[in-house]
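Chemist: Submitted below is the structure of interest, expressed as structure tokens.
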Amino acid sequence: MALTFSKQLQNYQNIIEKALDGLLPEQDCPQKEGIDAMRYSLLGGGKRIRAILVLEFARIFGVPQDQAMPFVAAVEMIHAYSLIHDDLPCMDNDDFRRGKPSCHKQFSEASAVLAGDGLLTHAFLAALQGGLQSGVSPERVAEAAAVLAEAAGIDGMLGGQVIDLAIEGKQVEAGLHQKMCSLKTGALIKASCLMGCILGGASGQDKKISEEYAEKIGLSFQIIDDILDCTGQQEILGKPIGSDEGQHKTTYVTLYGLEAAKKMSQKLSEEALLCLERLPLPDRFLFELTDMLLKRQF
């Protein structure tokens with residue numbers, strides 16, 4: 001009997017949480033505070049969308065879960081590190097994340113910086129060592145890790161954050177803003193989909209379609225984030241509402257208005273669904289996940 005979408009989603013989340021917990025075991029050692037800070041942020045909840053995309057695209061192209069899990073863990077570690085650093089006083093200066101104190105508030109600013117550095121480093125240990133140990137070919141391990149590294153670096157997420165800081169409080173034209181979003185938010189989402197394709201030896205055409213799908217949902221995801229910063233509820237989002245406005249940030253809402261931003265997100269999601277029609281999907285899970293992302297309230 002086929003699993004319902006909600007059951008399959010919950011199964012994925014449970015598998016991901018267990019794997020992450022096992023990769024950073026609690027230890028009584030001189031560097032315990034660093035490990036505790038890393039675990040605090042990595043295991044602090046979240047939607048696990050990037051990790052689920054790795055698992056799902058790997059499943060589409062016939063990759064066993066145990067071979068995908070090292071890359072699942074890696075992308076979640078990189079995402080967690082980015083959130084730790086985003087929340088720092090020198091960046092967005094947010095005191096709460098996922099409904100609890102940010103890493104630098106729970107520990108210290110220095111511990112938070114080191115925890116982020118530790119997660120970024122550990123991500124590639126997990127991907128490279130874990131991928132090889134699980135039986136993935138060295139060539140595919142290297143290609144998937146390279147895609148993740150590019151997505152995390154100056155031509156990806158890190159570069160998007162550089163642009164974000166540079167344009168804060170300034171008038172920004174729409175093209176540069178979209179470039180920033182495609183890097184800061186979209187790059188890691190795209191890498192998540194592509195890593196699953198790479199591990200499964202997907203064709204060039206299927207990779208191209210998967211990349212197009214990821215670009216659509218990455219931008220839609222950011223637009224909805226911008227909308228929720230205006231309209232969401234703090235107790236649901238787990239972080240302060242209105243922080244973008246308080247920091248004078250350019251968002252899709254400030255550029256286009258709330259209703260136009262909603263229509264843009266809807267259109268991107270519809271285009272993403274059309275991409276899925278062209279992939280050899282085993283069931284409707286990705287369709288329902290895409291629809292869920294459009295309608296999310298957190």
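In the structure tokens, chains take the letters A, B, ... in the order shown, each chain's residues start at 1, and ligands count up from 1 in the order shown.
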Using only C-alpha atoms, what does the table of segment 128-195 of chain A residues within 10 Å of segment 208-215 of chain A look like, with each row giving the shortest atom pair and its distance in Å to one decimal, sorted by chain and ascending number, as CSV?

Modeler:
residue,atom,partner,partner_atom,distance
A:Ser182,CA,A:Glu215,CA,7.4
A:Thr185,CA,A:Glu215,CA,9.7
A:Gly186,CA,A:Glu215,CA,6.2
A:Ala187,CA,A:Glu215,CA,8.1
A:Leu188,CA,A:Ala214,CA,9.3
A:Ile189,CA,A:Ala214,CA,6.2
A:Lys190,CA,A:Ala214,CA,4.8
A:Ala191,CA,A:Glu211,CA,8.3
A:Ser192,CA,A:Ala214,CA,8.5
A:Cys193,CA,A:Ser210,CA,6.5
A:Leu194,CA,A:Glu211,CA,6.7

Chemist: Just the selected residues (C-alpha atoms), exported as an mmCIF file, in the first residue's frame, please.

Modeler:
data_model
loop_
_atom_site.group_PDB
_atom_site.id
_atom_site.type_symbol
_atom_site.label_atom_id
_atom_site.label_comp_id
_atom_site.auth_asym_id
_atom_site.auth_seq_id
_atom_site.Cartn_x
_atom_site.Cartn_y
_atom_site.Cartn_z
ATOM 1 C CA SER A 182 19.151 32.857 -6.474
ATOM 2 C CA THR A 185 18.540 30.771 -1.064
ATOM 3 C CA GLY A 186 18.371 29.035 -4.412
ATOM 4 C CA ALA A 187 21.893 27.650 -4.766
ATOM 5 C CA LEU A 188 21.651 25.152 -1.916
ATOM 6 C CA ILE A 189 18.188 24.026 -3.028
ATOM 7 C CA LYS A 190 19.505 23.478 -6.546
ATOM 8 C CA ALA A 191 22.498 21.533 -5.214
ATOM 9 C CA SER A 192 20.177 19.301 -3.183
ATOM 10 C CA CYS A 193 18.283 18.248 -6.303
ATOM 11 C CA LEU A 194 21.409 17.890 -8.424
#

Chemist: If we count only C-alpha atoms and set the cut-off at 12 Å, which residues sit around Glu33 of chain A, ignoring sequence neighbours fewer than 5 positions away in its own chain? Please answer as a list in words.

Modeler: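 So, after excluding close chain neighbours, the residues are Glu26, Gln27, Asp28, Met38, Arg39, Tyr40, Cys103, Gln106, Phe107, Ser108, Ala110, Ser111, Ala112, Leu114, Ala115 and Gly118 of chain A.
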
Chemist: So which residues touch Ala123 of chain A within 9 Å, counting only C-alpha atoms, skipping near sequence neighbours fewer than 5 positions away, as a list in words?

Modeler: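 After dropping sequence-adjacent residues, the list is Pro70, Phe71, Ala73, Ala74, Val75, Glu76, Met77, Ile78, Gly118 and Leu128 of chain A.
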
Chemist: Please produce a file of the residues just selected, as a tab-separated table (two decimals), in the first residue's frame, where the atoms kept are C-alpha atoms.

Modeler:
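Output saved as result_26.tsv:
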chain	number	residue	atom	x	y	z
A	70	PRO	CA	25.92	11.31	3.65
A	71	PHE	CA	24.88	14.07	1.24
A	73	ALA	CA	23.65	15.22	6.26
A	74	ALA	CA	26.12	17.46	4.45
A	75	VAL	CA	23.51	19.82	3.04
A	76	GLU	CA	21.76	20.12	6.41
A	77	MET	CA	25.05	20.89	8.16
A	78	ILE	CA	25.81	23.63	5.65
A	118	GLY	CA	32.67	23.22	12.53
A	128	LEU	CA	33.24	12.41	1.21

Chemist: Taking only C-alpha atoms into account, produce a table as a tab-separated table in which each residue of segment 172-223 of chain A with an atom at most 6 Å from an atom of segment 154-161 of chain A appears once, together with its shortest atom pair and the distance in Å to one decimal, ordered by chain and rising number.

Modeler:
residue	atom	partner	partner_atom	distance
A:Met180	CA	A:Gly160	CA	4.6
A:Leu183	CA	A:Gly156	CA	4.6
A:Lys184	CA	A:Met157	CA	4.0
A:Ala187	CA	A:Gly156	CA	5.4

Chemist: Please produce a file of the residues just selected, as a PDB file, in the first residue's frame, where the atoms kept are N, CA and C atoms.

Modeler:
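Writing done, so here's again.pdb:
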ATOM      1  N   MET A 180      20.797  37.966  -5.988  1.00  0.00           N
ATOM      2  CA  MET A 180      21.105  37.701  -4.591  1.00  0.00           C
ATOM      3  C   MET A 180      20.280  36.523  -4.065  1.00  0.00           C
ATOM      4  N   LEU A 183      21.294  33.084  -5.360  1.00  0.00           N
ATOM      5  CA  LEU A 183      22.511  32.580  -4.730  1.00  0.00           C
ATOM      6  C   LEU A 183      22.279  32.224  -3.263  1.00  0.00           C
ATOM      7  N   LYS A 184      21.750  33.163  -2.512  1.00  0.00           N
ATOM      8  CA  LYS A 184      21.643  32.985  -1.069  1.00  0.00           C
ATOM      9  C   LYS A 184      20.676  31.862  -0.685  1.00  0.00           C
ATOM     10  N   ALA A 187      20.744  28.492  -4.409  1.00  0.00           N
ATOM     11  CA  ALA A 187      21.893  27.650  -4.766  1.00  0.00           C
ATOM     12  C   ALA A 187      21.906  26.329  -4.004  1.00  0.00           C
TER      13      ALA A 187
END

Chemist: Report as a tab-separated table the residues of segment 159-275 of chain A within 8 Å of segment 61-67 of chain A, each with its shortest atom pair and distance in Å (one decimal), using only C-alpha atoms, ordered by chain and increasing residue number.

Modeler:
residue	atom	partner	partner_atom	distance
A:Gly196	CA	A:Phe61	CA	7.5
A:Cys197	CA	A:Phe61	CA	6.5
A:Leu199	CA	A:Val63	CA	6.7
A:Gly200	CA	A:Phe61	CA	4.8
A:Gly201	CA	A:Phe61	CA	7.2
A:Ala202	CA	A:Phe61	CA	6.4

Chemist: From the DSSP assignment of the backbone, select every residue of segment 46-285 of chain A that is strand (DSSP E or B), and format the answer as a list in words.

Modeler: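 Taking segment 46-285 of chain A and keeping strand (DSSP E or B) gives Phe96, Arg97, Lys100 and Pro101 of chain A.
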
Chemist: Just the selected residues (C-alpha atoms), exported as a JSON list (two decimals), in the first residue's frame, please.

Modeler:
[["chain", "number", "residue", "atom", "x", "y", "z"],
["A", 96, "PHE", "CA", 15.70, 33.74, 17.96],
["A", 97, "ARG", "CA", 15.74, 30.90, 15.48],
["A", 100, "LYS", "CA", 14.41, 29.26, 20.65],
["A", 101, "PRO", "CA", 17.46, 31.45, 21.31]]

Chemist: Within 10 Å of Leu273 of chain A, counting only C-alpha atoms, which residues qualify if same-chain residues fewer than 5 places away don't, as a VMD selection string?

Modeler: chain A and resid 213 216 to 217 267 to 268 278 286 to 288 290 to 291

Chemist: Can you measure atom CA of Glu56 of chain A to atom CA of Lys18 of chain A for me? One decimal in Å is fine.

Modeler: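 For atom CA of Glu56 of chain A relative to atom CA of Lys18 of chain A, the distance reads 17.3 Å.
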
Chemist: What is the atom CA of Gln10 of chain A to atom CA of Gly46 of chain A distance in Å?

Modeler: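 Distance reported for this atom pair: 12.6 Å.
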
Chemist: Would you list, as a PyMOL selection string, the residues of segment 12-244 of chain A that end up in alpha helix (DSSP H) under DSSP run on this structure's backbone?

Modeler: chain A and resi 12-23+32-42+49-60+65-87+103-106+109-133+138-152+157-167+174-181+187-199+204-231+234-237+243-244

Chemist: Would you mind listing what lies within 12 Å of segment 250-259 of chain A as a PyMOL selection string, with only C-alpha atoms counted and same-chain residues fewer than 4 positions away left out?

Modeler: chain A and resi 163-178+180-181+219-231+242-246+263-266

Chemist: Just write the chosen residues, C-alpha atoms, as a CSV table (one decimal), in the first residue's frame.

Modeler:
chain,number,residue,atom,x,y,z
A,163,ILE,CA,25.4,40.9,-1.9
A,164,ASP,CA,22.7,41.0,0.8
A,165,LEU,CA,25.0,42.8,3.2
A,166,ALA,CA,26.2,45.2,0.5
A,167,ILE,CA,22.7,46.3,-0.5
A,168,GLU,CA,21.2,46.6,2.9
A,169,GLY,CA,19.4,49.9,3.3
A,170,LYS,CA,20.0,50.9,-0.3
A,171,GLN,CA,17.7,51.2,-3.4
A,172,VAL,CA,18.2,48.0,-5.3
A,173,GLU,CA,17.2,47.2,-8.8
A,174,ALA,CA,15.2,44.0,-9.3
A,175,GLY,CA,17.8,42.1,-11.3
A,176,LEU,CA,20.5,42.4,-8.6
A,177,HIS,CA,17.9,41.4,-5.9
A,178,GLN,CA,16.9,38.3,-7.9
A,180,MET,CA,21.1,37.7,-4.6
A,181,CYS,CA,18.1,35.4,-3.9
A,219,LEU,CA,12.8,31.7,-5.9
A,220,SER,CA,9.3,30.8,-4.8
A,221,PHE,CA,10.6,29.7,-1.4
A,222,GLN,CA,12.3,33.1,-1.0
A,223,ILE,CA,9.3,35.1,-2.0
A,224,ILE,CA,7.2,33.2,0.5
A,225,ASP,CA,9.8,33.9,3.2
A,226,ASP,CA,9.5,37.6,2.3
A,227,ILE,CA,5.7,37.4,2.5
A,228,LEU,CA,5.7,35.6,5.8
A,229,ASP,CA,8.1,38.2,7.3
A,230,CYS,CA,5.2,40.6,6.7
A,231,THR,CA,2.2,38.5,7.4
A,242,GLY,CA,9.2,42.3,10.5
A,243,SER,CA,13.0,41.9,10.7
A,244,ASP,CA,13.4,42.6,7.0
A,245,GLU,CA,11.6,46.0,7.4
A,246,GLY,CA,13.6,46.8,10.5
A,263,LYS,CA,1.1,35.9,-7.7
A,264,MET,CA,4.8,35.6,-8.6
A,265,SER,CA,5.2,32.7,-6.1
A,266,GLN,CA,2.1,31.0,-7.5

Chemist: Please, what distance in Å, to one decimal, runs between atom CA of Met91 of chain A and atom CA of Arg296 of chain A?

Modeler: 26.0 Å

Chemist: Extract, using only C-alpha atoms, all DNA, RNA and protein residues at most 12 Å from Asn14 of chain A, discarding same-chain residues fewer than 2 positions from it, and format them as a PyMOL selection string.

Modeler: chain A and resi 7-12+16-21+43+45+47-48+51-52

Chemist: Show which residues sit within 12 Å of Glu109 of chain A, as a PyMOL selection string. Count only C-alpha atoms, and ignore same-chain residues fewer than 3 positions away.

Modeler: chain A and resi 34+37+84-91+93+95+102-106+112-116

Chemist: Using N, CA and C atoms, can you export the residues from the last selection as a PDB file, in the first residue's frame?

Modeler:
ATOM      1  N   GLY A  34      31.881  23.192  21.802  1.00  0.00           N
ATOM      2  CA  GLY A  34      31.755  23.314  20.350  1.00  0.00           C
ATOM      3  C   GLY A  34      30.793  22.283  19.782  1.00  0.00           C
ATOM      4  N   ALA A  37      27.224  23.189  20.779  1.00  0.00           N
ATOM      5  CA  ALA A  37      26.698  24.299  19.976  1.00  0.00           C
ATOM      6  C   ALA A  37      26.342  23.831  18.567  1.00  0.00           C
ATOM      7  N   ILE A  84      23.375  29.907  11.670  1.00  0.00           N
ATOM      8  CA  ILE A  84      24.143  30.384  12.834  1.00  0.00           C
ATOM      9  C   ILE A  84      24.817  31.705  12.512  1.00  0.00           C
ATOM     10  N   HIS A  85      25.497  31.759  11.377  1.00  0.00           N
ATOM     11  CA  HIS A  85      26.233  32.965  11.004  1.00  0.00           C
ATOM     12  C   HIS A  85      25.287  34.095  10.608  1.00  0.00           C
ATOM     13  N   ASP A  86      24.169  33.784   9.960  1.00  0.00           N
ATOM     14  CA  ASP A  86      23.181  34.819   9.618  1.00  0.00           C
ATOM     15  C   ASP A  86      22.658  35.532  10.850  1.00  0.00           C
ATOM     16  N   ASP A  87      22.503  34.793  11.948  1.00  0.00           N
ATOM     17  CA  ASP A  87      21.904  35.349  13.161  1.00  0.00           C
ATOM     18  C   ASP A  87      22.876  36.200  13.978  1.00  0.00           C
ATOM     19  N   LEU A  88      24.168  36.132  13.672  1.00  0.00           N
ATOM     20  CA  LEU A  88      25.168  36.841  14.473  1.00  0.00           C
ATOM     21  C   LEU A  88      24.934  38.352  14.476  1.00  0.00           C
ATOM     22  N   PRO A  89      25.368  39.039  15.531  1.00  0.00           N
ATOM     23  CA  PRO A  89      25.206  40.503  15.591  1.00  0.00           C
ATOM     24  C   PRO A  89      25.807  41.242  14.402  1.00  0.00           C
ATOM     25  N   CYS A  90      26.885  40.723  13.837  1.00  0.00           N
ATOM     26  CA  CYS A  90      27.514  41.386  12.686  1.00  0.00           C
ATOM     27  C   CYS A  90      26.780  41.123  11.379  1.00  0.00           C
ATOM     28  N   MET A  91      25.792  40.238  11.407  1.00  0.00           N
ATOM     29  CA  MET A  91      25.013  39.923  10.196  1.00  0.00           C
ATOM     30  C   MET A  91      23.588  40.456  10.394  1.00  0.00           C
ATOM     31  N   ASN A  93      21.698  39.895  13.164  1.00  0.00           N
ATOM     32  CA  ASN A  93      21.475  40.207  14.583  1.00  0.00           C
ATOM     33  C   ASN A  93      20.101  39.748  15.065  1.00  0.00           C
ATOM     34  N   ASP A  95      17.924  37.260  17.535  1.00  0.00           N
ATOM     35  CA  ASP A  95      18.085  36.575  18.824  1.00  0.00           C
ATOM     36  C   ASP A  95      17.357  35.242  18.890  1.00  0.00           C
ATOM     37  N   SER A 102      18.894  32.005  19.443  1.00  0.00           N
ATOM     38  CA  SER A 102      19.905  31.736  18.434  1.00  0.00           C
ATOM     39  C   SER A 102      21.165  31.167  19.092  1.00  0.00           C
ATOM     40  N   CYS A 103      22.017  30.545  18.297  1.00  0.00           N
ATOM     41  CA  CYS A 103      23.200  29.872  18.841  1.00  0.00           C
ATOM     42  C   CYS A 103      24.062  30.826  19.658  1.00  0.00           C
ATOM     43  N   HIS A 104      24.256  32.047  19.170  1.00  0.00           N
ATOM     44  CA  HIS A 104      25.130  32.980  19.891  1.00  0.00           C
ATOM     45  C   HIS A 104      24.493  33.489  21.178  1.00  0.00           C
ATOM     46  N   LYS A 105      23.167  33.378  21.304  1.00  0.00           N
ATOM     47  CA  LYS A 105      22.499  33.752  22.557  1.00  0.00           C
ATOM     48  C   LYS A 105      22.519  32.590  23.547  1.00  0.00           C
ATOM     49  N   GLN A 106      22.417  31.394  23.049  1.00  0.00           N
ATOM     50  CA  GLN A 106      22.420  30.214  23.918  1.00  0.00           C
ATOM     51  C   GLN A 106      23.822  29.917  24.447  1.00  0.00           C
ATOM     52  N   ALA A 112      29.438  30.408  18.704  1.00  0.00           N
ATOM     53  CA  ALA A 112      28.568  30.314  17.528  1.00  0.00           C
ATOM     54  C   ALA A 112      29.385  30.367  16.240  1.00  0.00           C
ATOM     55  N   VAL A 113      30.369  31.256  16.183  1.00  0.00           N
ATOM     56  CA  VAL A 113      31.234  31.325  14.999  1.00  0.00           C
ATOM     57  C   VAL A 113      31.929  29.981  14.787  1.00  0.00           C
ATOM     58  N   LEU A 114      32.467  29.424  15.857  1.00  0.00           N
ATOM     59  CA  LEU A 114      33.180  28.148  15.751  1.00  0.00           C
ATOM     60  C   LEU A 114      32.238  27.000  15.421  1.00  0.00           C
ATOM     61  N   ALA A 115      31.016  27.041  15.961  1.00  0.00           N
ATOM     62  CA  ALA A 115      30.034  25.996  15.653  1.00  0.00           C
ATOM     63  C   ALA A 115      29.682  26.019  14.169  1.00  0.00           C
ATOM     64  N   GLY A 116      29.512  27.215  13.614  1.00  0.00           N
ATOM     65  CA  GLY A 116      29.247  27.322  12.185  1.00  0.00           C
ATOM     66  C   GLY A 116      30.406  26.803  11.359  1.00  0.00           C
TER      67      GLY A 116
END
